[in-house]
$ cat coords.cif   # mmCIF, C-alpha atoms and all ligand atoms
data_coords
#
loop_
_atom_site.label_atom_id
_atom_site.label_comp_id
_atom_site.auth_asym_id
_atom_site.auth_seq_id
_atom_site.Cartn_x
_atom_site.Cartn_y
_atom_site.Cartn_z
CA MET A 1 -66.22 57.86 65.57
CA TYR A 2 -63.84 57.33 62.65
CA LYS A 3 -63.61 60.45 60.51
CA LEU A 4 -60.90 60.70 57.86
CA GLU A 5 -60.88 64.48 57.91
CA LYS A 6 -59.76 64.42 61.56
CA LEU A 7 -56.86 62.10 60.73
CA ILE A 8 -55.36 63.68 57.62
CA ARG A 9 -52.94 66.57 58.08
CA PRO A 10 -54.74 69.82 57.18
CA ASN A 11 -52.14 70.74 54.51
CA ILE A 12 -52.68 67.38 52.81
CA TRP A 13 -56.46 67.59 53.12
CA LYS A 14 -56.46 70.82 51.13
CA LEU A 15 -53.50 70.00 48.85
CA LYS A 16 -53.91 70.77 45.17
CA PRO A 17 -51.77 67.97 43.70
CA TYR A 18 -49.32 68.43 40.85
CA SER A 19 -51.01 67.80 37.55
CA CYS A 20 -48.77 66.18 34.92
CA ALA A 21 -48.90 67.45 31.38
CA ARG A 22 -50.18 64.17 30.04
CA SER A 23 -52.76 63.40 32.69
CA GLU A 24 -54.53 66.69 31.93
CA PHE A 25 -55.22 65.58 28.39
CA VAL A 26 -57.62 62.74 27.76
CA ARG A 27 -59.18 62.44 24.32
CA GLU A 28 -61.47 59.50 23.95
CA GLY A 29 -61.29 57.56 20.71
CA LYS A 30 -57.73 58.49 19.73
CA LYS A 31 -54.89 55.99 20.04
CA LYS A 32 -51.76 56.99 22.00
CA ASP A 33 -49.46 56.94 18.93
CA GLU A 34 -51.83 59.08 16.81
CA HIS A 35 -50.86 62.14 18.82
CA VAL A 36 -47.92 64.47 18.52
CA TYR A 37 -46.58 64.96 22.03
CA LEU A 38 -45.20 68.48 22.53
CA ASP A 39 -46.50 68.93 26.05
CA ALA A 40 -43.96 67.53 28.52
CA ASN A 41 -40.54 68.89 27.43
CA GLU A 42 -39.40 65.36 26.59
CA SER A 43 -36.86 64.62 23.85
CA PRO A 44 -38.41 63.56 20.53
CA PHE A 45 -35.55 61.05 20.15
CA ASN A 46 -34.90 57.62 21.65
CA SER A 47 -38.43 56.30 21.51
CA PRO A 48 -39.98 54.78 23.59
CA LYS A 49 -37.62 55.55 26.48
CA ASN A 50 -37.96 59.29 25.82
CA ARG A 51 -41.52 59.29 27.22
CA TYR A 52 -42.54 59.67 30.86
CA PRO A 53 -44.35 56.68 32.35
CA ASP A 54 -48.14 56.73 32.68
CA PRO A 55 -48.63 58.90 35.78
CA MET A 56 -52.10 57.45 36.40
CA GLN A 57 -50.72 53.85 36.11
CA LYS A 58 -54.13 53.07 34.65
CA GLU A 59 -53.58 49.65 33.15
CA LEU A 60 -51.39 48.48 36.01
CA LYS A 61 -53.97 49.54 38.60
CA GLU A 62 -56.71 47.74 36.67
CA GLN A 63 -54.75 44.50 36.55
CA ILE A 64 -53.68 44.70 40.20
CA ALA A 65 -57.31 45.39 41.14
CA ARG A 66 -58.42 42.33 39.14
CA VAL A 67 -55.93 40.06 40.90
CA LYS A 68 -56.55 41.51 44.38
CA LYS A 69 -60.34 41.66 43.84
CA VAL A 70 -60.70 45.33 44.76
CA LYS A 71 -61.53 48.44 42.71
CA PRO A 72 -58.69 50.23 40.85
CA SER A 73 -59.54 53.29 42.96
CA GLN A 74 -58.59 51.24 46.06
CA VAL A 75 -55.01 50.69 44.84
CA MET A 76 -52.00 52.94 45.38
CA ILE A 77 -48.78 51.70 43.77
CA GLY A 78 -45.56 52.60 45.52
CA ASN A 79 -41.86 52.36 44.71
CA GLY A 80 -41.76 49.34 47.02
CA SER A 81 -43.99 49.23 50.08
CA ASP A 82 -41.27 51.30 51.75
CA GLU A 83 -42.56 54.30 49.79
CA VAL A 84 -46.09 53.59 51.01
CA ILE A 85 -44.89 53.50 54.64
CA ASP A 86 -43.19 56.89 54.28
CA LEU A 87 -46.28 58.35 52.58
CA ALA A 88 -48.49 57.19 55.46
CA PHE A 89 -46.43 59.39 57.81
CA ARG A 90 -46.51 62.33 55.43
CA ILE A 91 -50.27 62.08 54.94
CA PHE A 92 -51.41 61.52 58.53
CA CYS A 93 -48.74 62.66 61.00
CA GLU A 94 -47.97 66.23 61.94
CA PRO A 95 -44.23 66.33 62.75
CA ARG A 96 -43.40 66.89 66.44
CA ARG A 97 -47.06 66.66 67.40
CA ASP A 98 -48.61 63.34 66.39
CA ASN A 99 -47.43 59.84 67.25
CA VAL A 100 -47.77 56.29 65.95
CA VAL A 101 -47.90 53.01 67.85
CA ALA A 102 -46.27 49.82 66.60
CA ILE A 103 -45.61 46.30 67.80
CA ASP A 104 -42.06 45.55 68.89
CA PRO A 105 -40.09 43.86 67.41
CA THR A 106 -41.18 44.50 63.86
CA TYR A 107 -40.01 45.74 60.45
CA GLY A 108 -37.41 48.49 61.01
CA MET A 109 -38.64 50.91 58.34
CA TYR A 110 -41.68 51.99 60.36
CA GLN A 111 -39.36 53.53 62.95
CA VAL A 112 -36.92 54.93 60.35
CA CYS A 113 -39.78 56.67 58.54
CA ALA A 114 -41.11 57.99 61.87
CA ASP A 115 -37.67 59.40 62.70
CA ILE A 116 -37.25 60.97 59.26
CA ASN A 117 -40.67 62.58 59.53
CA ASP A 118 -39.99 63.67 63.15
CA VAL A 119 -42.96 61.73 64.49
CA GLU A 120 -42.95 60.02 67.90
CA TYR A 121 -42.73 56.22 67.54
CA ARG A 122 -44.26 54.24 70.43
CA LYS A 123 -43.24 50.60 70.70
CA VAL A 124 -45.39 48.01 72.43
CA LEU A 125 -43.66 44.72 73.17
CA LEU A 126 -45.16 41.54 71.81
CA ASN A 127 -45.61 38.72 74.32
CA PRO A 128 -42.48 36.54 74.81
CA ASP A 129 -43.96 34.00 72.34
CA PHE A 130 -44.29 36.91 69.83
CA SER A 131 -48.09 36.96 70.05
CA LEU A 132 -50.01 40.23 70.05
CA ASP A 133 -51.69 41.77 73.08
CA GLY A 134 -54.22 44.08 71.42
CA GLU A 135 -55.34 45.57 74.72
CA ARG A 136 -51.79 46.65 75.59
CA LEU A 137 -51.33 48.16 72.13
CA LEU A 138 -54.53 50.18 72.41
CA ARG A 139 -53.52 51.43 75.86
CA ALA A 140 -50.39 52.98 74.32
CA THR A 141 -52.48 55.21 72.03
CA ASP A 142 -53.70 58.68 72.92
CA ILE A 143 -55.50 61.57 71.27
CA ARG A 144 -52.42 62.32 69.14
CA THR A 145 -51.98 58.77 67.83
CA LYS A 146 -52.70 58.65 64.11
CA ILE A 147 -51.52 55.20 63.02
CA ILE A 148 -51.12 51.72 64.52
CA PHE A 149 -48.62 49.56 62.63
CA LEU A 150 -49.18 45.79 62.54
CA CYS A 151 -47.21 43.29 60.49
CA SER A 152 -48.56 39.79 59.90
CA PRO A 153 -46.67 37.52 59.35
CA ASN A 154 -44.34 39.71 61.36
CA ASN A 155 -40.74 40.48 60.46
CA PRO A 156 -38.36 39.38 62.03
CA THR A 157 -40.35 36.97 64.22
CA GLY A 158 -42.05 35.16 61.30
CA ASN A 159 -45.40 34.50 63.01
CA LEU A 160 -48.91 35.51 62.01
CA LEU A 161 -50.65 37.80 64.49
CA ASP A 162 -53.92 36.50 65.92
CA ARG A 163 -56.91 37.41 63.70
CA ASP A 164 -59.23 38.19 66.61
CA GLU A 165 -56.67 40.54 68.16
CA ILE A 166 -56.20 42.31 64.82
CA HIS A 167 -59.97 42.56 64.46
CA ARG A 168 -60.27 44.01 67.94
CA ILE A 169 -57.70 46.70 67.16
CA ILE A 170 -59.24 47.72 63.84
CA THR A 171 -62.74 47.94 65.29
CA HIS A 172 -61.93 49.51 68.69
CA TRP A 173 -59.62 52.13 67.29
CA GLU A 174 -60.72 55.21 65.40
CA GLY A 175 -57.38 55.99 63.82
CA ILE A 176 -55.61 54.36 60.89
CA VAL A 177 -54.41 50.75 61.09
CA VAL A 178 -51.61 49.85 58.68
CA LEU A 179 -51.49 46.07 58.32
CA ASP A 180 -48.34 44.98 56.49
CA GLU A 181 -48.92 41.64 54.75
CA ALA A 182 -45.63 41.47 52.84
CA TYR A 183 -45.28 37.75 53.69
CA VAL A 184 -48.93 36.65 53.62
CA ASP A 185 -48.43 34.45 50.53
CA PHE A 186 -46.23 32.09 52.57
CA SER A 187 -48.82 31.66 55.33
CA ASN A 188 -51.86 29.42 55.42
CA GLN A 189 -54.19 32.31 56.28
CA PRO A 190 -56.11 34.43 53.76
CA SER A 191 -55.20 38.07 53.30
CA TRP A 192 -57.32 40.69 55.06
CA VAL A 193 -57.95 42.25 51.62
CA LYS A 194 -61.14 40.17 51.40
CA GLU A 195 -62.52 42.14 54.34
CA LEU A 196 -61.14 45.53 53.33
CA ASN A 197 -64.54 47.04 52.57
CA GLN A 198 -65.74 46.42 56.13
CA TYR A 199 -63.00 48.59 57.65
CA PRO A 200 -62.76 52.21 56.48
CA ASN A 201 -59.66 52.80 58.67
CA LEU A 202 -57.61 49.85 57.36
CA ILE A 203 -54.64 50.17 54.99
CA ILE A 204 -53.17 46.86 53.82
CA LEU A 205 -49.63 46.72 52.44
CA HIS A 206 -48.68 44.15 49.82
CA THR A 207 -45.48 43.85 47.82
CA PHE A 208 -44.13 42.21 44.68
CA SER A 209 -40.74 41.82 46.41
CA LYS A 210 -41.33 38.53 48.24
CA ALA A 211 -43.45 35.64 46.89
CA TRP A 212 -43.64 37.24 43.41
CA GLY A 213 -39.82 37.25 43.25
CA LEU A 214 -39.67 40.81 41.87
CA ALA A 215 -37.76 42.80 44.51
CA SER A 216 -35.58 44.47 41.86
CA LEU A 217 -38.59 46.17 40.23
CA ARG A 218 -39.55 48.09 43.38
CA CYS A 219 -43.30 47.75 43.47
CA GLY A 220 -45.47 47.71 46.58
CA LEU A 221 -49.12 48.46 47.23
CA ALA A 222 -51.45 50.21 49.61
CA LEU A 223 -54.94 48.74 49.43
CA ALA A 224 -57.59 50.74 51.27
CA SER A 225 -60.84 52.67 50.91
CA GLU A 226 -61.19 54.86 47.83
CA GLU A 227 -61.21 57.89 50.14
CA ILE A 228 -57.82 57.04 51.69
CA ILE A 229 -56.20 56.03 48.38
CA HIS A 230 -57.18 59.42 46.91
CA TYR A 231 -54.77 61.12 49.34
CA PHE A 232 -51.96 58.63 48.70
CA ASN A 233 -52.25 59.37 44.99
CA ASN A 234 -52.22 63.11 45.64
CA VAL A 235 -49.03 62.96 47.70
CA ARG A 236 -46.91 60.39 45.81
CA TYR A 237 -44.49 61.56 43.11
CA PRO A 238 -46.35 61.72 39.79
CA TYR A 239 -44.01 59.27 38.04
CA ASN A 240 -43.07 57.08 41.02
CA ILE A 241 -43.35 53.82 39.03
CA ASN A 242 -41.11 53.70 35.98
CA THR A 243 -42.24 52.32 32.63
CA ILE A 244 -40.10 49.17 32.80
CA THR A 245 -41.53 48.27 36.20
CA GLN A 246 -45.09 48.94 35.01
CA GLU A 247 -44.57 46.73 31.95
CA GLN A 248 -42.86 43.93 33.83
CA ILE A 249 -45.43 43.78 36.62
CA LEU A 250 -48.18 43.71 33.97
CA LEU A 251 -46.44 40.79 32.32
CA TYR A 252 -46.30 38.80 35.56
CA LEU A 253 -49.91 39.68 36.42
CA SER A 254 -51.06 38.49 32.99
CA MET A 255 -49.86 35.00 34.00
CA GLY A 256 -52.22 35.09 36.99
CA GLU A 257 -51.09 34.03 40.45
CA ASP A 258 -50.15 30.43 39.60
CA LEU A 259 -46.41 30.98 39.24
CA LYS A 260 -46.21 33.06 42.41
CA ASN A 261 -48.26 30.46 44.31
CA ALA A 262 -46.08 27.60 43.02
CA TRP A 263 -42.91 29.45 44.11
CA ALA A 264 -44.40 30.19 47.53
CA LYS A 265 -45.37 26.53 47.96
CA LYS A 266 -41.87 25.37 47.00
CA ILE A 267 -40.27 27.84 49.42
CA VAL A 268 -42.52 26.64 52.26
CA GLU A 269 -41.59 23.01 51.50
CA GLU A 270 -37.89 23.88 51.49
CA ARG A 271 -38.36 25.88 54.69
CA ASP A 272 -39.86 22.90 56.50
CA LYS A 273 -37.05 20.63 55.29
CA LEU A 274 -34.46 23.19 56.39
CA ILE A 275 -36.05 23.50 59.83
CA ASP A 276 -36.05 19.71 60.27
CA ALA A 277 -32.36 19.57 59.37
CA LEU A 278 -31.44 22.44 61.70
CA LYS A 279 -33.11 20.68 64.64
CA LYS A 280 -30.20 18.23 64.48
CA VAL A 281 -27.47 20.89 64.46
CA ASP A 282 -25.71 21.25 67.83
CA ILE A 283 -25.29 25.02 67.93
CA VAL A 284 -28.96 25.65 67.03
CA GLU A 285 -30.58 25.92 70.46
CA ARG A 286 -34.03 26.91 69.29
CA ILE A 287 -35.99 27.38 66.07
CA TYR A 288 -38.99 29.70 66.28
CA PRO A 289 -42.27 28.77 64.56
CA THR A 290 -42.84 30.66 61.33
CA ASP A 291 -45.53 31.50 58.76
CA ALA A 292 -43.10 33.29 56.41
CA ASN A 293 -40.14 32.59 54.10
CA PHE A 294 -37.72 33.17 56.98
CA PHE A 295 -37.38 32.19 60.62
CA LEU A 296 -35.37 32.96 63.72
CA ILE A 297 -32.88 30.58 65.29
CA LYS A 298 -31.26 30.99 68.70
CA VAL A 299 -27.55 30.19 68.94
CA PRO A 300 -25.04 30.49 71.81
CA ASP A 301 -23.46 33.67 70.37
CA ALA A 302 -25.18 35.36 67.41
CA VAL A 303 -22.24 37.63 66.50
CA TYR A 304 -19.79 34.75 66.49
CA VAL A 305 -22.02 32.44 64.42
CA HIS A 306 -22.87 35.27 62.02
CA ASN A 307 -19.19 35.98 61.42
CA GLU A 308 -18.34 32.31 60.99
CA LEU A 309 -21.10 32.00 58.38
CA ILE A 310 -19.74 35.04 56.53
CA GLU A 311 -16.34 33.28 56.47
CA SER A 312 -18.14 30.40 54.68
CA GLY A 313 -19.69 32.85 52.22
CA ILE A 314 -23.19 32.73 53.74
CA VAL A 315 -24.98 35.90 54.77
CA VAL A 316 -27.81 35.74 57.30
CA ARG A 317 -29.30 38.55 59.37
CA ASP A 318 -28.05 39.07 62.91
CA ARG A 319 -31.06 40.14 64.99
CA HIS A 320 -29.57 39.75 68.48
CA THR A 321 -29.97 43.45 69.35
CA VAL A 322 -33.70 43.41 68.56
CA SER A 323 -36.26 43.19 71.42
CA LEU A 324 -37.10 39.60 72.47
CA CYS A 325 -34.56 38.27 69.94
CA ASP A 326 -31.53 37.80 72.18
CA ARG A 327 -28.91 35.54 70.49
CA CYS A 328 -31.10 35.23 67.37
CA LEU A 329 -30.21 35.04 63.70
CA ARG A 330 -32.85 35.46 60.99
CA ILE A 331 -32.55 32.97 58.17
CA THR A 332 -34.19 33.49 54.77
CA VAL A 333 -35.11 30.27 52.97
CA GLY A 334 -33.14 29.84 49.75
CA THR A 335 -32.99 27.12 47.11
CA GLN A 336 -32.41 23.52 48.19
CA GLU A 337 -28.70 23.87 47.34
CA GLU A 338 -28.34 27.14 49.24
CA ASN A 339 -30.09 25.68 52.27
CA GLU A 340 -27.82 22.64 52.20
CA ARG A 341 -24.76 24.91 52.18
CA LEU A 342 -26.15 26.68 55.24
CA ILE A 343 -26.80 23.41 57.09
CA GLU A 344 -23.30 22.17 56.36
CA ALA A 345 -21.68 25.44 57.41
CA LEU A 346 -23.63 25.49 60.68
CA GLN A 347 -22.67 21.86 61.40
CA TRP A 348 -19.00 22.81 61.17
CA ILE A 349 -19.14 25.82 63.44
CA LYS A 350 -17.75 25.07 66.90
CA MET A 351 -18.31 27.63 69.60
CA PRO A 352 -15.04 28.81 71.29
CA SER A 353 -15.98 27.10 74.57
CA MET A 354 -16.75 23.84 72.72
CA ARG A 355 -13.41 24.04 70.91
CA ALA A 356 -11.52 23.88 74.20
CA TYR A 357 -12.67 20.31 74.63
CA LEU A 358 -11.58 19.16 71.17
N1 LIG B 1 -42.74 45.18 54.86
C1 LIG B 1 -42.03 44.21 55.44
C2 LIG B 1 -42.60 43.53 56.62
C3 LIG B 1 -40.77 43.87 54.95
O1 LIG B 1 -40.06 42.91 55.58
C4 LIG B 1 -40.26 44.54 53.82
C5 LIG B 1 -38.92 44.26 53.22
N2 LIG B 1 -38.03 43.57 53.90
C6 LIG B 1 -41.03 45.54 53.27
C7 LIG B 1 -42.28 45.84 53.79
C8 LIG B 1 -40.55 46.37 52.11
O2 LIG B 1 -40.81 45.76 50.92
P1 LIG B 1 -40.63 46.51 49.54
O3 LIG B 1 -39.56 45.77 48.84
O4 LIG B 1 -41.98 46.39 48.90
O5 LIG B 1 -40.25 47.94 49.80
#
$ encode --input "coords.cif" --output "structure tokens" --more "lines below"
Ligand code: PMP
Amino acid sequence: MYKLEKLIRPNIWKLKPYSCARSEFVREGKKKDEHVYLDANESPFNSPKNRYPDPMQKELKEQIARVKKVKPSQVMIGNGSDEVIDLAFRIFCEPRRDNVVAIDPTYGMYQVCADINDVEYRKVLLNPDFSLDGERLLRATDIRTKIIFLCSPNNPTGNLLDRDEIHRIITHWEGIVVLDEAYVDFSNQPSWVKELNQYPNLIILHTFSKAWGLASLRCGLALASEEIIHYFNNVRYPYNINTITQEQILLYLSMGEDLKNAWAKKIVEERDKLIDALKKVDIVERIYPTDANFFLIKVPDAVYVHNELIESGIVVRDRHTVSLCDRCLRITVGTQEENERLIEALQWIKMPSMRAYL
């Protein structure tokens, strides 16, 4: 049976978190600027940048909760979802003892965070068509497995993982499931956030870095049960989200989701046009189906094509060393003009063997 106490590291379970000067004081009825702040060793000069950000991120959490349709107590805000991934290891995994299981290939930071935290990282290959075999994933777990990492749509493969397989994993597994939905806004499937309350062991990752177009602000989310989020908030740095980021994200949230949705729609349209054009390019042997704002293409020699594109001033991601991605490049969808530059550059690239015949 799922029991959070069995999953959280004992030191974290009993941690007394750092209490910031300002979060200790709450006086109802008084406005923020009616107080004299002599509690946090800040400078009295250079207002308002002299003040620490709100450590509780109260307003931001409320607005995120409104948009995501969860309770503010179900939201942990991270310095990018990369911070959330690292925190998951620090909260649940005892170094050199516990392990995590993840699909392979997937987003590289899960393994990097495992390595940094000295936690065994078990990879389970996706099927050759990049679909998920939930049974195989579950077989790789043991008594020391704390977290299963899933990413849907998956990076770098671009595809959504099958809902029934995800459901099977969350319900048959008594540990934590981290489901990274960084690219869900580009897909035609709803987020799992709607079903969050049915699954006490599920942690969903969202980010403002993709469809929201706010990667520079560094803001990502863990959405989970109140019980789990409590520990994330205890372990994160007290001021992990700076004031400018808090203000800017609030500004974008106040406009609702329309702008983000319109951008996502435009990117998907451009993606489909780009894919159609690339089907006619000689050196593109295969284009993989995608539900994200990027996709994989197979070319005769990924290193060669990558370097030729760099010569033309175009940077794509070489993924040929990644499992199941032999000879693959990952292409992020840009603006119409950027995509046209890519198409033209690819049309001009001649593989060395093809050149011999010219
Ligand atoms: N998850 C996935 C699947 C990603 O591809 C990325 C970034 N490439 C992240 C998380 C990290 O996003 P953030 O900018 O929120 O740290």
$ atom_distance --input "coords.cif" --atom1 "CA of Ile116 (chain A)" --atom2 "atom N1 of ligand LIG 1 (chain B)"
17.3 Å
$ residues_around --input "coords.cif" --residues "Ile12 (chain A)" --least-positions-apart "6" --cutoff "9 Å" --atoms "all atoms listed in the file" --output "ChimeraX atom specification"
/A:90-92,231,234-235
$ closest_atom_pairs --input "coords.cif" --of "chain A" --to "ligand LIG 1 (chain B)" --cutoff "6 Å" --atoms "all atoms listed in the file" --output "CSV"
residue,atom,partner,partner_atom,distance
A:Gly80,CA,B:LIG1,O5,3.5
A:Ser81,CA,B:LIG1,O4,3.7
A:Asp82,CA,B:LIG1,O5,4.0
A:Tyr107,CA,B:LIG1,C2,5.1
A:Asn155,CA,B:LIG1,C2,5.2
A:Asp180,CA,B:LIG1,N1,5.8
A:Ala182,CA,B:LIG1,N1,5.1
A:Thr207,CA,B:LIG1,O4,4.5
A:Ser209,CA,B:LIG1,O3,4.8
A:Ala215,CA,B:LIG1,O3,5.6
A:Arg218,CA,B:LIG1,O3,5.9
A:Cys219,CA,B:LIG1,O4,5.8
A:Gly220,CA,B:LIG1,O4,4.4
$ residues_around --input "coords.cif" --residues "Gln57 (chain A)" --least-positions-apart "6" --cutoff "10 Å" --atoms "only C-alpha atoms" --output "list in words"
Pro72, Met76, Ile77, Pro238, Tyr239, Asn240, Ile241, Asn242, Thr243 and Gln246 of chain A
$ residues_near_point --input "coords.cif" --point "(-57.1, 44.2, 54.6)" --cutoff "12 Å" --atoms "only C-alpha atoms" --output "PyMOL selection string"
chain A and resi 68-70+74-75+150-152+163+166-167+170+177-182+184+190-206+221-225
$ residues_near_point --input "coords.cif" --point "(-27.3, 29.8, 69.4)" --cutoff "10 Å" --atoms "all atoms listed in the file" --output "short mmCIF file (atom, residue, chain, number, x, y, z; two decimals) with C-alpha atoms, in the coordinates of the input"
data_model
loop_
_atom_site.label_atom_id
_atom_site.label_comp_id
_atom_site.auth_asym_id
_atom_site.auth_seq_id
_atom_site.Cartn_x
_atom_site.Cartn_y
_atom_site.Cartn_z
CA ASP A 282 -25.71 21.25 67.83
CA ILE A 283 -25.29 25.02 67.93
CA VAL A 284 -28.96 25.65 67.03
CA GLU A 285 -30.58 25.92 70.46
CA ARG A 286 -34.03 26.91 69.29
CA ILE A 287 -35.99 27.38 66.07
CA ILE A 297 -32.88 30.58 65.29
CA LYS A 298 -31.26 30.99 68.70
CA VAL A 299 -27.55 30.19 68.94
CA PRO A 300 -25.04 30.49 71.81
CA ASP A 301 -23.46 33.67 70.37
CA ALA A 302 -25.18 35.36 67.41
CA VAL A 303 -22.24 37.63 66.50
CA TYR A 304 -19.79 34.75 66.49
CA VAL A 305 -22.02 32.44 64.42
CA ASP A 326 -31.53 37.80 72.18
CA ARG A 327 -28.91 35.54 70.49
CA CYS A 328 -31.10 35.23 67.37
CA LEU A 329 -30.21 35.04 63.70
CA MET A 351 -18.31 27.63 69.60
#
$ atom_distance --input "coords.cif" --atom1 "CA of Arg96 (chain A)" --atom2 "CA of Glu120 (chain A)"
7.0 Å
$ closest_residue --input "coords.cif" --among "A:Asn154, A:Thr145, A:Gln189, A:Asn261" --to "Val101 (chain A)" --atoms "only C-alpha atoms"
A:Thr145
$ residues_around --input "coords.cif" --residues "Tyr121 (chain A)" --least-positions-apart "4" --cutoff "7 Å" --atoms "all atoms listed in the file" --output "MDAnalysis selection string"
chainID A and resid 99:101 111 114
$ closest_residue --input "coords.cif" --among "A:Pro153, A:Gly213, A:Pro55, A:Gly134" --to "Thr171 (chain A)" --atoms "all atoms listed in the file"
A:Gly134
